[in-house]
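Working notes for the structure below.
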Amino acid sequence: SNGDAPGAILKALVAGGKRLGVVVAASKGPVSQAQVLRAMEYGDVFVAASELGATATPLLKDAASYEGPCVLLLAAAAAVSGDSEWTAFSYDPRREDTGASAFVAEGAQVRKEIQGFLARESLLTLVAKKSLPQEGGAGEEGE
């Protein structure tokens with residue numbers, strides 16, 4: 001049954017020997033993503049929001065392969081159907097290793113709270129790059 005989907009997901013992940021922090025399942029709307037969004041602030045946490053079902057499968061595999069803590073919000077399709085505030089996304093810190101953004105939205109519309117977080121993250125990254133010493137700069141003198 002669909003009500004037992006979170007239990008089945010947890011059993012599959014535990015059987016795979018991977019660590020998973022939190023899976024939250026929402027069966028009715030409106031679905032708040034606020035707490036899941038807060039997990040992105042830690043930077044090294046895999047975070048995702050998706051509908052239950054086939055669309056969640058790739059995210060579950062990514063979460064299962066992530067070595068750090070994970071927070072997943074899985075919502076029943078009926079709970080988010082027609083909800084203009086819902087944003088399916090994944091935040092995978094491993095993407096930053098290749099120069100890509102850790103955040104990827106599954107659609108064109110991104111809720112305001114997420115846009116605010118991403119803008120703040122970009123600003124903090126810019127400030128950090130300007131204020132932190134660059135690698136390889138040790139021993140260079142002259143200017």
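We label chains A, B, ... in the order they appear in the structure tokens, count residues from 1 in each chain, and number ligands from 1 in the order shown.
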Using only C-alpha atoms, determine which residues lie at most 9 Å from Ala26 (chain A), disregarding the query and same-chain residues fewer than 4 positions distant; provide the list as a VMD selection string. chain A and resid 30 to 31 73 to 76 79
Nearby residues (only C-alpha atoms) at most 8 Å from region 84-87 of chain A, same-chain spacing under 2 positions excluded, as a ChimeraX atom specification: /A:31,33,49,80,82,89,105-107,109-111
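Relative to CA of Arg38 (chain A), CA of Ala77 (chain A) is found at 22.9 Å.
Of the listed residues A:Asp92, A:Glu113, A:Asp83, A:Asp97, the one whose atoms come nearest to Tyr42 (chain A) is A:Asp92, with distances taken using only C-alpha atoms.
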To test your reading of the structure, identify every residue in region 11-97 of chain A that backbone DSSP assigns to alpha helix (DSSP H), and report it as a tab-separated table (two decimals) with all heavy atoms, in the first residue's frame.
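Listed below is the output, result.tsv:
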```
chain	number	residue	atom	x	y	z
A	11	LYS	N	13.49	0.16	4.71
A	11	LYS	CA	13.99	-1.22	4.70
A	11	LYS	C	14.97	-1.44	3.55
A	11	LYS	O	15.99	-2.08	3.72
A	11	LYS	CB	12.81	-2.20	4.58
A	11	LYS	CG	12.02	-2.33	5.85
A	11	LYS	CD	10.85	-3.29	5.65
A	11	LYS	CE	9.97	-3.28	6.88
A	11	LYS	NZ	8.76	-4.09	6.68
A	12	ALA	N	14.66	-0.89	2.38
A	12	ALA	CA	15.54	-1.05	1.22
A	12	ALA	C	16.88	-0.37	1.45
A	12	ALA	O	17.93	-0.92	1.13
A	12	ALA	CB	14.88	-0.49	-0.03
A	13	LEU	N	16.86	0.81	2.04
A	13	LEU	CA	18.11	1.53	2.28
A	13	LEU	C	18.94	0.85	3.36
A	13	LEU	O	20.15	0.74	3.24
A	13	LEU	CB	17.82	2.98	2.66
A	13	LEU	CG	17.29	3.82	1.50
A	13	LEU	CD1	16.78	5.15	2.01
A	13	LEU	CD2	18.35	4.03	0.45
A	14	VAL	N	18.28	0.37	4.42
A	14	VAL	CA	19.01	-0.32	5.48
A	14	VAL	C	19.60	-1.62	4.95
A	14	VAL	O	20.75	-1.96	5.23
A	14	VAL	CB	18.09	-0.58	6.69
A	14	VAL	CG1	18.75	-1.51	7.69
A	14	VAL	CG2	17.73	0.73	7.35
A	15	ALA	N	18.85	-2.33	4.12
A	15	ALA	CA	19.35	-3.58	3.54
A	15	ALA	C	20.57	-3.32	2.67
A	15	ALA	O	21.46	-4.17	2.57
A	15	ALA	CB	18.26	-4.26	2.73
A	34	ALA	N	9.76	23.84	4.71
A	34	ALA	CA	10.63	24.71	5.50
A	34	ALA	C	11.72	23.94	6.26
A	34	ALA	O	12.89	24.33	6.22
A	34	ALA	CB	9.80	25.54	6.47
A	35	GLN	N	11.37	22.88	6.94
A	35	GLN	CA	12.37	22.16	7.74
A	35	GLN	C	13.40	21.46	6.86
A	35	GLN	O	14.57	21.39	7.20
A	35	GLN	CB	11.68	21.15	8.67
A	35	GLN	CG	10.79	21.80	9.70
A	35	GLN	CD	11.53	22.82	10.55
A	35	GLN	OE1	12.66	22.62	10.95
A	35	GLN	NE2	10.88	23.94	10.82
A	36	VAL	N	12.95	20.96	5.72
A	36	VAL	CA	13.88	20.31	4.80
A	36	VAL	C	14.86	21.33	4.23
A	36	VAL	O	16.05	21.07	4.10
A	36	VAL	CB	13.09	19.60	3.67
A	36	VAL	CG1	14.02	18.98	2.66
A	36	VAL	CG2	12.19	18.53	4.26
A	37	LEU	N	14.34	22.52	3.93
A	37	LEU	CA	15.21	23.57	3.39
A	37	LEU	C	16.28	23.97	4.39
A	37	LEU	O	17.42	24.26	4.02
A	37	LEU	CB	14.37	24.80	3.02
A	37	LEU	CG	13.34	24.59	1.92
A	37	LEU	CD1	12.51	25.85	1.73
A	37	LEU	CD2	13.99	24.17	0.64
A	38	ARG	N	15.95	23.96	5.66
A	38	ARG	CA	16.94	24.32	6.70
A	38	ARG	C	18.13	23.38	6.68
A	38	ARG	O	19.25	23.78	7.01
A	38	ARG	CB	16.29	24.32	8.06
A	38	ARG	CG	15.26	25.40	8.23
A	38	ARG	CD	14.89	25.42	9.67
A	38	ARG	NE	15.47	26.63	10.22
A	38	ARG	CZ	14.78	27.48	10.93
A	38	ARG	NH1	13.53	27.26	11.19
A	38	ARG	NH2	15.36	28.57	11.40
A	39	ALA	N	17.91	22.13	6.33
A	39	ALA	CA	19.02	21.16	6.31
A	39	ALA	C	20.08	21.55	5.28
A	39	ALA	O	21.26	21.25	5.46
A	39	ALA	CB	18.48	19.76	6.02
A	40	MET	N	19.68	22.26	4.22
A	40	MET	CA	20.66	22.70	3.20
A	40	MET	C	21.65	23.69	3.79
A	40	MET	O	22.76	23.82	3.29
A	40	MET	CB	19.96	23.34	2.00
A	40	MET	CG	19.19	22.36	1.15
A	40	MET	SD	18.64	23.02	-0.45
A	40	MET	CE	17.75	24.49	-0.02
A	57	THR	N	12.70	7.44	-7.05
A	57	THR	CA	13.69	6.36	-7.10
A	57	THR	C	15.12	6.85	-7.33
A	57	THR	O	16.03	6.46	-6.58
A	57	THR	CB	13.29	5.32	-8.16
A	57	THR	OG1	12.01	4.81	-7.80
A	57	THR	CG2	14.29	4.18	-8.22
A	58	PRO	N	15.39	7.73	-8.33
A	58	PRO	CA	16.78	8.19	-8.50
A	58	PRO	C	17.29	8.96	-7.28
A	58	PRO	O	18.47	8.83	-6.91
A	58	PRO	CB	16.71	9.12	-9.72
A	58	PRO	CG	15.43	8.79	-10.41
A	58	PRO	CD	14.51	8.25	-9.37
A	59	LEU	N	16.42	9.75	-6.64
A	59	LEU	CA	16.84	10.49	-5.45
A	59	LEU	C	17.17	9.55	-4.30
A	59	LEU	O	18.12	9.78	-3.55
A	59	LEU	CB	15.75	11.47	-5.02
A	59	LEU	CG	15.50	12.63	-5.97
A	59	LEU	CD1	14.34	13.48	-5.45
A	59	LEU	CD2	16.73	13.48	-6.13
A	60	LEU	N	16.39	8.50	-4.16
A	60	LEU	CA	16.65	7.53	-3.10
A	60	LEU	C	17.99	6.83	-3.33
A	60	LEU	O	18.75	6.60	-2.39
A	60	LEU	CB	15.53	6.51	-3.02
A	60	LEU	CG	14.20	7.08	-2.53
A	60	LEU	CD1	13.08	6.08	-2.75
A	60	LEU	CD2	14.30	7.46	-1.07
A	61	LYS	N	18.29	6.52	-4.58
A	61	LYS	CA	19.59	5.90	-4.89
A	61	LYS	C	20.73	6.86	-4.60
A	61	LYS	O	21.76	6.47	-4.04
A	61	LYS	CB	19.61	5.44	-6.34
A	61	LYS	CG	18.74	4.23	-6.59
A	61	LYS	CD	18.79	3.80	-8.04
A	61	LYS	CE	17.91	2.58	-8.25
A	61	LYS	NZ	17.87	2.15	-9.64
A	62	ASP	N	20.56	8.14	-4.97
A	62	ASP	CA	21.59	9.13	-4.69
A	62	ASP	C	21.79	9.30	-3.19
A	62	ASP	O	22.92	9.37	-2.71
A	62	ASP	CB	21.22	10.49	-5.31
A	62	ASP	CG	21.36	10.49	-6.82
A	62	ASP	OD1	22.00	9.58	-7.38
A	62	ASP	OD2	20.81	11.42	-7.45
A	63	ALA	N	20.68	9.35	-2.45
A	63	ALA	CA	20.77	9.49	-0.99
A	63	ALA	C	21.45	8.28	-0.38
A	63	ALA	O	22.28	8.40	0.53
A	63	ALA	CB	19.38	9.68	-0.39
A	64	ALA	N	21.12	7.10	-0.87
A	64	ALA	CA	21.72	5.87	-0.34
A	64	ALA	C	23.21	5.81	-0.60
A	64	ALA	O	23.96	5.23	0.18
A	64	ALA	CB	21.01	4.65	-0.94
A	65	SER	N	23.67	6.44	-1.68
A	65	SER	CA	25.10	6.41	-2.00
A	65	SER	C	25.88	7.54	-1.32
A	65	SER	O	27.11	7.54	-1.35
A	65	SER	CB	25.31	6.49	-3.52
A	65	SER	OG	24.98	7.79	-3.99
A	77	ALA	N	1.49	12.30	-4.41
A	77	ALA	CA	1.15	13.16	-5.55
A	77	ALA	C	-0.09	13.99	-5.25
A	77	ALA	O	-0.14	15.18	-5.58
A	77	ALA	CB	0.95	12.31	-6.80
A	78	ALA	N	-1.06	13.41	-4.58
A	78	ALA	CA	-2.30	14.14	-4.27
A	78	ALA	C	-2.04	15.29	-3.30
A	78	ALA	O	-2.75	16.29	-3.32
A	78	ALA	CB	-3.33	13.18	-3.68
A	79	ALA	N	-1.01	15.17	-2.47
A	79	ALA	CA	-0.71	16.21	-1.47
A	79	ALA	C	-0.11	17.45	-2.10
A	79	ALA	O	-0.23	18.55	-1.56
A	79	ALA	CB	0.23	15.66	-0.41
A	80	VAL	N	0.55	17.31	-3.24
A	80	VAL	CA	1.22	18.45	-3.87
A	80	VAL	C	0.62	18.83	-5.23
A	80	VAL	O	1.04	19.80	-5.83
A	80	VAL	CB	2.73	18.21	-4.01
A	80	VAL	CG1	3.38	18.09	-2.65
A	80	VAL	CG2	3.03	16.99	-4.86
```
Computed gap from CA of Gly21 (chain A) to CA of Ala100 (chain A) is 24.1 Å
May I ask for the distance between CA of Gly68 (chain A) and CA of Ala108 (chain A), given in Å to one decimal place? 28.2 Å
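Using only C-alpha atoms for every distance, the candidate list A:Gly99, A:Pro69, A:Glu51, A:Ala88 yields A:Ala88 as the residue closest to Ile114 (chain A).
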